[in-house]
Each structure stands twice: as C-alpha cells, then as structure tokens.
Amino acid sequence: MTERHPEFNKELDRLSFTKTYMDRLITSQETGQESLKKRQEDTLENLSFKDSSLRYQEMLSHANFMKMSKDQLENLKHLRNKPYFARIDFHQKEKPDREIFYIGKTSLFDRETQFPIILDWRSPLSNVYYEGRLGEVSYEALGERYEGDVSLKRQYQIEDGELLDYRDIDLTTKDELLQDSLAQNAEKRLTEIVSTIQEEQNKIIRADLRKPIIVQGAAGSGKTTIALHRISYFLYTMKEIFRPEEMLILAPNRLFIQYISEVLPELGVDRARQTTFTDFVQQATGIHLPVISQHELLMNVVEKSSDHSSIHGARLKGSKAFKAILDRYLQIWKKCYEVESDFKLAGFKIKSAKAINRLFFEEYSYFPYEVRVQKIKAVLQSELRRKKKQILDKIAAKYDEALDDALYGMKDAEKRKIRVSFLITRKEERLDEIKKAARTAVNRFMKKYPKVAVWNIYQQLFEEKMFSKVHAEESYEWEQMRENTRKVHANGKLFAEDLAPLLYLKTFITGLDPDDRAKKVVIDEAQDYSFMEIFSLRKAFQTDLFTIVGDLAQGIYHYRGLDNWETLQNEIFPTANYLTLQKTYRTTIEIMNLANGLLDDMPDALPKAEPVVRHGDVPTFLYRDELRKGNIHQLINDLVRKGMNNFAFVTKTKQEAEQLARELPSFEIMEENADMLGNRVILPAYLAKGLEFDVVFLYCNEHSYEKNELDLKMLYVAMTRPLHRLYMIGRQPDDFLLTDKDGLWTHKCFQIEA
C-alpha cells in the first residue's frame with residue numbers, strides 16, 4: 001500500500017462501526033434479549049470512535065429491533081467481511097448539506113432514521129456511482145427525478161473485514177481499479193464484478209425491465225455475469241411483484257451452472273431456477289429418453305465420423321419451416337376434438353354439439369387443448385346439474401299423467417290395477433335409471449375426445465403418410481431427416497433438436513404444469529439456440545421478459561443455431577432492446593488481437609472485440625515434440641510461482657483430449673455433463689465456451705484447424721479462454737492458422753526463467 005490517505009483513520013472507524021452494527025444485528029437474531037443487552041453494554045463501553053460516537057451508540061442500541069429471515073441472516077454474515085466496496089458524496093439540490101453513502105451488495109438501514117448505513121448497488125442513487133462522472137448528476141426513483149452534485153467517488157479494498165486501501169475515483173483511477181481487478185486470477189474475479197461494473201455494462205443491467213433484451217457480447221465482455229446482475233436488479237426493483245423462484249436461468253451445460261453459482265448468492269439470485277434447456281424440457285414434458293446432444297453431433301463432424309445427414313436434420317428441425325409443419329400438424333390434431341353429437345340425458349338435449357364446439361374452438365381458444373376439454377367438462381357438469389331436476393320432473397309428470405288416465409279412464413278394474421301397478425313401478429325404475437345415467441353421463445360423453453400423449457403424437461408426425469400431409473414438398477433432405485428421426489426414436493432415443501418441438505406440442509396440447517412456468521427467463525450462449533428452441537420457450541411461458549445474451553462469433557453450432565439477431569427481433573421479440581458489449585475484460589490485448597484476426601476469415605462480418613488496456617505476453621507457439629521432454633511441467637511450475645492457478649489444455653477433438661490425458665496424468669479430462677471444474681483440466685474446444693482460465697494451452701496432434709466456419713469459430717472460442725497466458729502446442733504454426741499472423745505470436749523453446 002502506498003502512502004495513506006489523510007482520511008484513512010476516519011475510514012477505519014466507519015468500517016469498524018459498520019461491522020459492529022452488523023454483529024449486533026446478527027447477535028440479536030441468535031441470542032436471548034438479556035444476553036444481547038449485556039453484550040451491547042460491553043461493546044458500547046469499548047467504542048472510541050472519533051466522530052459522532054454518541055450517534056453510533058444510539059444506532060447500535062436499536063440493532064435488536066430488526067427481525068430477519070434465515071436467508072437475510074446468512075447473507076449478513078457473509079457480507080460482514082466486505083460490507084461495502086464504494087462511497088459517493090452527494091449533495092442533492094434543495095438540501096442544505098451533502099450526504100455520504102456507502103455502497104455494498106445489499107442495503108442496511110438505521111432502524112430509527114431509516115438512513116442507509118449501506119446503500120444497495122441496485123438502488124437508483126447508486127446508479128450515479130456507475131455512470132462514471134463527478135459533478136452534476138441526476139437519477140430517477142419512484143417516478144421522480146432528483147438532481148445534485150457528486151463531489152467524491154471512492155472505492156475500497158476490503159479483505160476479511162480489514163481495510164487495506166482505497167482510492168478516489170476519476171477516469172484515470174477508474175481504469176487503474178479495473179486493471180487491478182482484471183489482473184486477478186480466475187477464482188477471484190467472478191465474485192468481484194459488482195464493484196467494477198463498467199458504464200456500458202451498467203446500461204444493460206438497468207435497461208427497461210418491461211421489455212425483452214438481446215445482447216451481442218464479445219468473448220470476455222462479461223455478458224453472462226451482467227445477465228445475472230440484471231436478474232438481481234430486476235428482483236430488487238420488482239420485489240413486490242416477482243419472486244426469485246419465478247425466474248429461470250438457462251445455462252449451456254451443468255458445469256456452467258456450477259461455475260456461475262459462485263456469484264449467485266451474493267446477488268440474491270441463488271433461489272432462481274438454474275437448468276439447461278435439455279433438462280428443463282425433459283422435466284416439463286416428462287419425457288426422459290436419452291438425448292443425442294448437439295455436442296455429440298458436432299464431435300462426429302469434427303472427428304470426420306459423420307455423413308452430415310444428422311447435421312442437416314438438426315438444421316431443419318430448428319427452422320421456421322419446421323415450426324410451420326408443427327402448426328399444420330396441430331391443426332390436424334385440433335380437428336380431432338370436434339364432437340358430432342349433442343350431449344343428452346334420457347333423450348333430452350343438455351347442450352348441443354354446435355355449442356360445445358364453439359366453446360372449444362372459439363371461447364376457450366387461448367387455452368391448451370386438454371385444458372379446454374377440462375373446462376368443457378366443468379360446463380357440462382354444471383349444465384347437467386341445472387337441467388337434471390327439470391328432466392326428472394318432466395318424466396315424473398309424464399308418468400303421473402298416465403296414472404291419472406289409468407285411474408280415472410279405465411273401467412275394467414283388473415286391467416286398471418295391472419296398469420297402475422306397472423306405471424308406479426316403471427316410474428321409479430325410470431327415475432332411478434336417469435339418476436344413475438346422470439352420474440356417468442359427463443364422463444361417457446368426454447370419451448368422445450381423443451386421449452393424447454405428447455411423445456406418441458410427436459412420433460406419429462414422422463410416419464410417412466402423416467408427414468406428407470403437413471409437408472407436401474418433396475425433398476431428399478426432409479425425407480432423410482424423417483427417416484433418421486424414426487430410426488432414433490425406434491431405438492428409444494431423442495435428438496437434441498426434438499426437444500423444442502416436444503415443448504411446443506406440450507404447450508398447445510396440455511400446457512405447462514404450474515411448477516414449470518417462469519415469468520422471467522435468461523438465456524445464455526443464445527447463439528447456439530435454434531429459432532425453434534427460442535420460439536418454443538416464448539410460447540410456453542407467454543412472457544416477453546427475456547434476457548438473451550450471446551456472441552455470434554462463438555456460434556460453433558451454426559448448423560442449428562442463430563446466425564443473426566434480427567430473426568429474434570423480427571419474428572419473436574419485436575419490442576426487444578438490442579444492445580452490444582464489445583469491450584472485452586477477460587484477456588490481454590496481445591491475446592485478443594490474435595483471436596480478432598480469425599474474424600476476418602469468417603463468412604459473416606462480425607464486430608471485433610475491443611480489449612481494455614491490459615498488456616501481457618504475446619501468444620507463444622511451441623512444437624509438440626517438446627511436450628514429450630517433460631518441460632511442460634517446468635513451465636507450469638514457473639507459472640504457478642507467478643500466481644497462475646487455473647490451467648487448461650484445449651484440444652480440437654475429444655479423441656485428442658483423451659490421448660493427451662494419458663500423457664498428462666496430473667490433468668483431468670472434462671466430460672460434457674461434468675458439474676465440477678478442477679484447476680487443471682483437458683477439454684475439447686466445443687466444451688470451453690463460457691469458461692475462463694489463467695493459462696490456456698491449445699493442443700493439436702492430428703487434427704489441425706482449417707479455414708472453414710466451424711473450425712474458425714472453435715479456434716476463436718479456444719483462444720479467448722485465457723485471462724493471462726496463451727500457448728499453442730502443435731506440429732507446425734499453421735495447425736492454428738498462424739502463418740499469416742506475423743507479429744501477433746511468437747515461438748519460444750521451453751526456457752524457464754530463473
């Protein structure tokens with residue numbers, strides 16, 4: 001730490017007071033009142049704050065008035081070691097004095113005055129801290145605009161409850177603070193993002209919460225954590241309307257869920273549901289067959305073991321054309337719900353077929369088919385209850401009239417006796433028959449409606465006769481897709497691309513169960529979603545509150561994913577805000593310049609990431625044969641001495657990853673469905689998206705990268721994973737398309753610094 005600021009002691013006192021206040025709150029929840037009183041007295045006797053100590057004592061004496069939930073208590077304990085990270089001095093117009101606000105991850109108020117001891121980073125006033133300027137500012141809260149002057153912004157370095165340093169912020173020191181944060185290793189950076197949110201990121205977090213948002217974010221731009229911060233801001237702002245359990249975060253894989261879980265508790269988002277698209281659809285539909293994932297299809301293509309027919313089939317199933325097929329298919333199924341006969345009891349019409357069909361096709365048209373059926377059943381039951389007495393009365397009156405005729409109109413006594421006896425008996429029998437029939441009448445009528453299971457009707461779609469009805473166009477690709485799908489289904493499996501159509505059919509036929517519904521949805525790595533997948537989610541949840549983040553440059557599943565964001569804006573979310581994050585905070589200028597060079601060779605014109613000013617070593621190429629000399633372990637040990645903790649070998653194929661794992665037993669191979677990430681891993685490039693490591697070694701053995709869209713995007717993903725160092729190990733530089741990138745990389749032998 002450099003020379004201490006003249007106000008350092010005052011800041012020490014303020015931190016000490018805040019921790020003491022938090023301790024009293026914690027104690028008040030965990031001990032009896034007598035014990036609390038004694039502890040408070042002991043604490044207050046030892047307070048020696050220089051400023052406003054009497055006021056501090058008054059505030060502490062009220063700490064026991066607050067009752068907290070268990071979650072609030074645990075959060076308070078967790079935050080005690082770093083109660084706040086920043087301060088602003090704000091003088092609001094029309095107020096006599098400036099006020100000092102300390103900003104942290106949650107609010108803490110003086111129980112008497114309600115003045116914030118800590119101001120939540122999501123509050124409207126905190127927004128002026130992130131907007132990056134001193135002087136005149138304004139902010140909005142509860143529909144009103146407030147103006148004033150920010151005379152100071154200060155950021156603190158607090159570790160384990162101790163104040164290590166702080167800096168007053170202007171544009172220069174703001175960059176320095178960001179540099180310090182980015183220089184940390186991968187384990188530390190994820191949980192500290194809230195203190196270094198940049199202005200462009202802040203705009204996305206606080207963008208209109210009533211509209212969907214689509215974010216094109218470059219590799220390392222922080223789009224995932226910014227999306228999580230947006231949920232946190234959403235819950236803070238809309239806490240009277242939405243609960244965390246009504247939020248759904250769709251992550252690319254289970255490992256990534258584990259990876260982001262480190263940041264969720266501090267944001268108050270940990271109770272939001274976190275799952276993958278595959279797991280969500282299987283839960284929602286109840287169809288738990290093994291899934292042939294997009295990773296598996298991609299791996300087959302990369303390792304040259306596929307005829308590409310499955311790839312073409314995946315592209316077709318994710319398209320708007322396939323949605324049109326499903327819509328025509330649903331129309332066919334909907335006609336099966338048309339009834340031809342009236343609902344009757346004892347020959348009496350209760351409700352006409354025409355009226356029943358009008359309920360199904362018109363009045364209840366906004367409900368799923370099976371929900372409509374249940375509502376019609378309720379209507380018929382109500383109508384039956386209402387009309388049954390009328391029918392019974394009519395039948396009884398008919399027999400009573402016949403009895404009168406027999407009693408008074410028949411002169412033959414013997415015949416009259418037989419007739420009267422018959423009518424009395426028959427009347428009772430007939431009334432009992434009607435009562436009995438009434439008990440089952442509705443259920444018998446409801447059998448006219450089809451019994452459907454989503455999985456069964458989806459299978460029927462691919463039968464030749466049915467498919468020709470909904471897709472009249474003759475096409476080899478479509479027919480091949482149909483045949484491949486039937487074969488996979490016959491073997492008790494699904495393609496990943498079957499999940500969206502199943503969800504779509506489920507939405508129309510039965511609807512989602514209440515436990516599966518969500519009011520707010522976040523989709524990460526959205527460039528890998530197909531049109532059909534995102535459309536099916538939008539239809540299933542019936543909400544526009546989507547946060548969609550991705551990077552088209554990392555669209556390694558381009559055969560089945562999105563190649564532009566306009567499709568979502570035009571076809572699914574016409575009111576969406578579209579924003580970009582082009583600054584990358586993950587890696588160094590030297591590494592990003594090399595990765596950006598790959599974008600020039602991609603078929604689509606994609607914007608290049610703009611690295612923040614953080615320099616490091618130029619990416620280094622190493623000949624593969626040197627790996628076998630054992631020097632790689634010396635290199636890793638040297639990097640550990642320099643503070644690097646996380647290392648990854650990234651291969652092009654899974655086969656290469658498995659081979660390399662045999663040569664490097666200290667590294668573990670990462671599987672597709674892993675839920676933990678070690679510090680030393682080997683993984684294929686297509687599993688690396690969203691992850692970051694201090695050091696990355698790209699490794700090529702037999703499979704070089706080529707100048708096609710898939711290879712370029714996989715290499716781009718792999719190159720943008722490291723925070724600090726990038727090495728490329730191969731047979732020759734053009735294994736990584738390096739030959740025409742002079743000056744952006746270097747070659748060195750394994751020479752370990754002393």
# chains A, B, ... in the order shown; residues from 1 in each chain; ligands from 1
$ residues_around --residues "Phe693 in chain A" --least-positions-apart "4" --cutoff "7 Å" --atoms "only C-alpha atoms" --output "short mmCIF file (atom, residue, chain, number, x, y, z; two decimals) with all heavy atoms, in the first residue's frame"
data_model
loop_
_atom_site.label_atom_id
_atom_site.label_comp_id
_atom_site.auth_asym_id
_atom_site.auth_seq_id
_atom_site.Cartn_x
_atom_site.Cartn_y
_atom_site.Cartn_z
N ALA A 186 -8.56 -16.34 -12.05
CA ALA A 186 -9.95 -16.69 -12.40
C ALA A 186 -10.81 -16.93 -11.17
O ALA A 186 -11.99 -16.63 -11.17
CB ALA A 186 -9.95 -17.93 -13.30
N ASN A 646 -5.16 -21.61 -12.48
CA ASN A 646 -6.04 -22.45 -13.30
C ASN A 646 -5.41 -22.68 -14.67
O ASN A 646 -5.05 -21.72 -15.36
CB ASN A 646 -7.41 -21.77 -13.48
CG ASN A 646 -8.06 -21.47 -12.15
OD1 ASN A 646 -7.86 -20.41 -11.61
ND2 ASN A 646 -8.82 -22.40 -11.64
N PHE A 647 -5.32 -23.94 -15.07
CA PHE A 647 -4.69 -24.30 -16.34
C PHE A 647 -5.63 -25.21 -17.13
O PHE A 647 -6.28 -26.09 -16.56
CB PHE A 647 -3.37 -25.04 -16.10
CG PHE A 647 -2.36 -24.23 -15.31
CD1 PHE A 647 -2.37 -24.23 -13.92
CD2 PHE A 647 -1.41 -23.47 -15.96
CE1 PHE A 647 -1.46 -23.49 -13.20
CE2 PHE A 647 -0.48 -22.72 -15.24
CZ PHE A 647 -0.50 -22.73 -13.86
N ALA A 648 -5.66 -24.99 -18.42
CA ALA A 648 -6.49 -25.85 -19.28
C ALA A 648 -5.75 -26.15 -20.57
O ALA A 648 -5.17 -25.26 -21.20
CB ALA A 648 -7.82 -25.17 -19.60
N ARG A 721 -10.25 -18.00 -24.13
CA ARG A 721 -10.48 -18.52 -22.78
C ARG A 721 -9.47 -18.01 -21.75
O ARG A 721 -9.80 -17.92 -20.57
CB ARG A 721 -10.43 -20.06 -22.77
CG ARG A 721 -11.50 -20.78 -23.58
CD ARG A 721 -12.88 -20.30 -23.27
NE ARG A 721 -13.35 -19.32 -24.24
CZ ARG A 721 -14.36 -18.50 -24.04
NH1 ARG A 721 -15.00 -18.50 -22.89
NH2 ARG A 721 -14.74 -17.64 -24.97
N PRO A 722 -8.20 -17.71 -22.12
CA PRO A 722 -7.23 -17.37 -21.07
C PRO A 722 -7.36 -15.94 -20.56
O PRO A 722 -7.67 -15.02 -21.32
CB PRO A 722 -5.88 -17.57 -21.77
CG PRO A 722 -6.16 -17.32 -23.22
CD PRO A 722 -7.56 -17.82 -23.45
N LEU A 723 -7.08 -15.77 -19.28
CA LEU A 723 -7.00 -14.44 -18.69
C LEU A 723 -5.64 -13.81 -18.94
O LEU A 723 -5.55 -12.60 -19.17
CB LEU A 723 -7.25 -14.50 -17.18
CG LEU A 723 -8.68 -14.46 -16.67
CD1 LEU A 723 -9.47 -15.66 -17.14
CD2 LEU A 723 -8.69 -14.40 -15.14
#
$ residues_around --residues "Thr543 in chain A" --least-positions-apart "4" --cutoff "10 Å" --atoms "only C-alpha atoms" --output "JSON, numbers by chain"
{"A": [211, 212, 518, 519, 520, 521, 537, 538, 539]}
$ write_last_selection --atoms "all heavy atoms" --output "PDB file, in the first residue's frame"
ATOM      1  N   LYS A 211     -39.240  -4.745 -21.027  1.00  0.00           N
ATOM      2  CA  LYS A 211     -39.045  -5.202 -22.400  1.00  0.00           C
ATOM      3  C   LYS A 211     -38.004  -6.312 -22.448  1.00  0.00           C
ATOM      4  O   LYS A 211     -37.093  -6.362 -21.610  1.00  0.00           O
ATOM      5  CB  LYS A 211     -38.578  -4.041 -23.285  1.00  0.00           C
ATOM      6  CG  LYS A 211     -39.618  -2.968 -23.528  1.00  0.00           C
ATOM      7  CD  LYS A 211     -39.067  -1.913 -24.477  1.00  0.00           C
ATOM      8  CE  LYS A 211     -40.104  -0.840 -24.765  1.00  0.00           C
ATOM      9  NZ  LYS A 211     -39.565   0.195 -25.697  1.00  0.00           N
ATOM     10  N   PRO A 212     -38.111  -7.200 -23.440  1.00  0.00           N
ATOM     11  CA  PRO A 212     -37.039  -8.185 -23.629  1.00  0.00           C
ATOM     12  C   PRO A 212     -35.768  -7.477 -24.066  1.00  0.00           C
ATOM     13  O   PRO A 212     -35.815  -6.362 -24.613  1.00  0.00           O
ATOM     14  CB  PRO A 212     -37.587  -9.094 -24.734  1.00  0.00           C
ATOM     15  CG  PRO A 212     -38.608  -8.274 -25.449  1.00  0.00           C
ATOM     16  CD  PRO A 212     -39.181  -7.328 -24.442  1.00  0.00           C
ATOM     17  N   ALA A 518     -42.413 -19.961 -15.755  1.00  0.00           N
ATOM     18  CA  ALA A 518     -41.492 -18.895 -15.353  1.00  0.00           C
ATOM     19  C   ALA A 518     -42.015 -17.568 -15.880  1.00  0.00           C
ATOM     20  O   ALA A 518     -42.628 -17.506 -16.943  1.00  0.00           O
ATOM     21  CB  ALA A 518     -40.090 -19.165 -15.885  1.00  0.00           C
ATOM     22  N   LYS A 519     -41.777 -16.509 -15.114  1.00  0.00           N
ATOM     23  CA  LYS A 519     -42.199 -15.170 -15.530  1.00  0.00           C
ATOM     24  C   LYS A 519     -41.053 -14.360 -16.127  1.00  0.00           C
ATOM     25  O   LYS A 519     -41.277 -13.364 -16.801  1.00  0.00           O
ATOM     26  CB  LYS A 519     -42.783 -14.413 -14.335  1.00  0.00           C
ATOM     27  CG  LYS A 519     -44.104 -14.977 -13.828  1.00  0.00           C
ATOM     28  CD  LYS A 519     -44.635 -14.123 -12.681  1.00  0.00           C
ATOM     29  CE  LYS A 519     -45.970 -14.639 -12.181  1.00  0.00           C
ATOM     30  NZ  LYS A 519     -46.490 -13.820 -11.055  1.00  0.00           N
ATOM     31  N   LYS A 520     -39.817 -14.772 -15.832  1.00  0.00           N
ATOM     32  CA  LYS A 520     -38.631 -14.071 -16.319  1.00  0.00           C
ATOM     33  C   LYS A 520     -37.597 -15.123 -16.699  1.00  0.00           C
ATOM     34  O   LYS A 520     -37.338 -16.042 -15.934  1.00  0.00           O
ATOM     35  CB  LYS A 520     -38.091 -13.145 -15.230  1.00  0.00           C
ATOM     36  CG  LYS A 520     -36.715 -12.573 -15.486  1.00  0.00           C
ATOM     37  CD  LYS A 520     -36.738 -11.468 -16.507  1.00  0.00           C
ATOM     38  CE  LYS A 520     -35.352 -10.858 -16.698  1.00  0.00           C
ATOM     39  NZ  LYS A 520     -35.317  -9.897 -17.807  1.00  0.00           N
ATOM     40  N   VAL A 521     -37.020 -15.008 -17.891  1.00  0.00           N
ATOM     41  CA  VAL A 521     -36.126 -16.039 -18.412  1.00  0.00           C
ATOM     42  C   VAL A 521     -34.819 -15.403 -18.886  1.00  0.00           C
ATOM     43  O   VAL A 521     -34.828 -14.365 -19.553  1.00  0.00           O
ATOM     44  CB  VAL A 521     -36.780 -16.791 -19.593  1.00  0.00           C
ATOM     45  CG1 VAL A 521     -35.861 -17.918 -20.078  1.00  0.00           C
ATOM     46  CG2 VAL A 521     -38.146 -17.352 -19.189  1.00  0.00           C
ATOM     47  N   LEU A 537     -39.860 -21.627 -26.242  1.00  0.00           N
ATOM     48  CA  LEU A 537     -39.803 -21.082 -24.882  1.00  0.00           C
ATOM     49  C   LEU A 537     -40.732 -19.883 -24.734  1.00  0.00           C
ATOM     50  O   LEU A 537     -41.455 -19.757 -23.744  1.00  0.00           O
ATOM     51  CB  LEU A 537     -38.366 -20.675 -24.546  1.00  0.00           C
ATOM     52  CG  LEU A 537     -37.376 -21.821 -24.322  1.00  0.00           C
ATOM     53  CD1 LEU A 537     -35.946 -21.287 -24.312  1.00  0.00           C
ATOM     54  CD2 LEU A 537     -37.672 -22.560 -23.022  1.00  0.00           C
ATOM     55  N   ARG A 538     -40.681 -19.008 -25.710  1.00  0.00           N
ATOM     56  CA  ARG A 538     -41.557 -17.825 -25.680  1.00  0.00           C
ATOM     57  C   ARG A 538     -43.028 -18.244 -25.637  1.00  0.00           C
ATOM     58  O   ARG A 538     -43.835 -17.679 -24.887  1.00  0.00           O
ATOM     59  CB  ARG A 538     -41.274 -16.960 -26.921  1.00  0.00           C
ATOM     60  CG  ARG A 538     -42.305 -15.873 -27.217  1.00  0.00           C
ATOM     61  CD  ARG A 538     -42.318 -14.791 -26.164  1.00  0.00           C
ATOM     62  NE  ARG A 538     -43.339 -13.801 -26.432  1.00  0.00           N
ATOM     63  CZ  ARG A 538     -44.619 -13.904 -26.097  1.00  0.00           C
ATOM     64  NH1 ARG A 538     -45.052 -14.984 -25.462  1.00  0.00           N
ATOM     65  NH2 ARG A 538     -45.471 -12.942 -26.374  1.00  0.00           N
ATOM     66  N   LYS A 539     -43.391 -19.247 -26.423  1.00  0.00           N
ATOM     67  CA  LYS A 539     -44.777 -19.714 -26.468  1.00  0.00           C
ATOM     68  C   LYS A 539     -45.164 -20.406 -25.164  1.00  0.00           C
ATOM     69  O   LYS A 539     -46.279 -20.238 -24.657  1.00  0.00           O
ATOM     70  CB  LYS A 539     -44.962 -20.672 -27.646  1.00  0.00           C
ATOM     71  CG  LYS A 539     -46.410 -20.899 -28.033  1.00  0.00           C
ATOM     72  CD  LYS A 539     -47.004 -19.653 -28.651  1.00  0.00           C
ATOM     73  CE  LYS A 539     -48.459 -19.854 -29.046  1.00  0.00           C
ATOM     74  NZ  LYS A 539     -49.059 -18.618 -29.577  1.00  0.00           N
TER      75      LYS A 539
END
$ closest_residue --among "A:Gln659, A:Ser352, A:Ser704, A:Asn9" --to "Leu738 in chain A" --atoms "only C-alpha atoms"
A:Ser704
$ atom_distance --atom1 "CA of Phe697 in chain A" --atom2 "CA of Met728 in chain A"
5.6 Å
$ residues_around --residues "range 165-168 of chain A" --least-positions-apart "4" --cutoff "6 Å" --atoms "only C-alpha atoms" --output "number ranges by chain"
A: 153-157
$ closest_residue --among "A:Ser309, A:Ser341, A:Asn596, A:Asn631" --to "Glu477 in chain A" --atoms "only C-alpha atoms"
A:Ser309
$ closest_residue --among "A:His489, A:Lys375, A:Lys469, A:Arg122" --to "Ile292 in chain A" --atoms "only C-alpha atoms"
A:His489
$ closest_residue --among "A:Trp565, A:Arg725, A:Ala353, A:Lys448" --to "Lys642 in chain A" --atoms "only C-alpha atoms"
A:Arg725
$ closest_atom_pairs --of "range 308-363 of chain A" --to "range 385-405 of chain A" --cutoff "10 Å" --atoms "only C-alpha atoms" --output "JSON lines"
{"residue": "A:Leu345", "atom": "CA", "partner": "A:Lys388", "partner_atom": "CA", "distance": 8.0}
{"residue": "A:Ala346", "atom": "CA", "partner": "A:Ile391", "partner_atom": "CA", "distance": 8.2}
{"residue": "A:Gly347", "atom": "CA", "partner": "A:Ile391", "partner_atom": "CA", "distance": 9.7}
{"residue": "A:Phe348", "atom": "CA", "partner": "A:Ile391", "partner_atom": "CA", "distance": 7.4}
{"residue": "A:Lys349", "atom": "CA", "partner": "A:Lys387", "partner_atom": "CA", "distance": 9.5}
{"residue": "A:Ile350", "atom": "CA", "partner": "A:Lys387", "partner_atom": "CA", "distance": 7.1}
$ write_last_selection --atoms "N, CA, C and O atoms" --output "mmCIF file, in the first residue's frame"
data_model
loop_
_atom_site.group_PDB
_atom_site.id
_atom_site.type_symbol
_atom_site.label_atom_id
_atom_site.label_comp_id
_atom_site.auth_asym_id
_atom_site.auth_seq_id
_atom_site.Cartn_x
_atom_site.Cartn_y
_atom_site.Cartn_z
ATOM 1 N N LEU A 345 -79.273 -36.415 -21.946
ATOM 2 C CA LEU A 345 -79.612 -37.270 -20.815
ATOM 3 C C LEU A 345 -81.043 -37.719 -21.010
ATOM 4 O O LEU A 345 -81.952 -36.889 -21.107
ATOM 5 N N ALA A 346 -81.209 -39.024 -21.108
ATOM 6 C CA ALA A 346 -82.546 -39.621 -21.275
ATOM 7 C C ALA A 346 -83.253 -39.068 -22.502
ATOM 8 O O ALA A 346 -84.464 -38.837 -22.492
ATOM 9 N N GLY A 347 -82.453 -38.822 -23.540
ATOM 10 C CA GLY A 347 -83.029 -38.302 -24.770
ATOM 11 C C GLY A 347 -83.244 -36.808 -24.765
ATOM 12 O O GLY A 347 -83.609 -36.224 -25.794
ATOM 13 N N PHE A 348 -83.014 -36.176 -23.628
ATOM 14 C CA PHE A 348 -83.162 -34.727 -23.530
ATOM 15 C C PHE A 348 -81.809 -34.059 -23.834
ATOM 16 O O PHE A 348 -80.772 -34.441 -23.278
ATOM 17 N N LYS A 349 -81.811 -33.063 -24.669
ATOM 18 C CA LYS A 349 -80.579 -32.349 -25.029
ATOM 19 C C LYS A 349 -80.171 -31.435 -23.872
ATOM 20 O O LYS A 349 -80.926 -30.568 -23.454
ATOM 21 N N ILE A 350 -78.947 -31.650 -23.389
ATOM 22 C CA ILE A 350 -78.389 -30.784 -22.345
ATOM 23 C C ILE A 350 -77.627 -29.629 -22.989
ATOM 24 O O ILE A 350 -77.765 -28.473 -22.593
#
$ atom_distance --atom1 "CA of Pro252 in chain A" --atom2 "CA of Arg614 in chain A"
28.9 Å
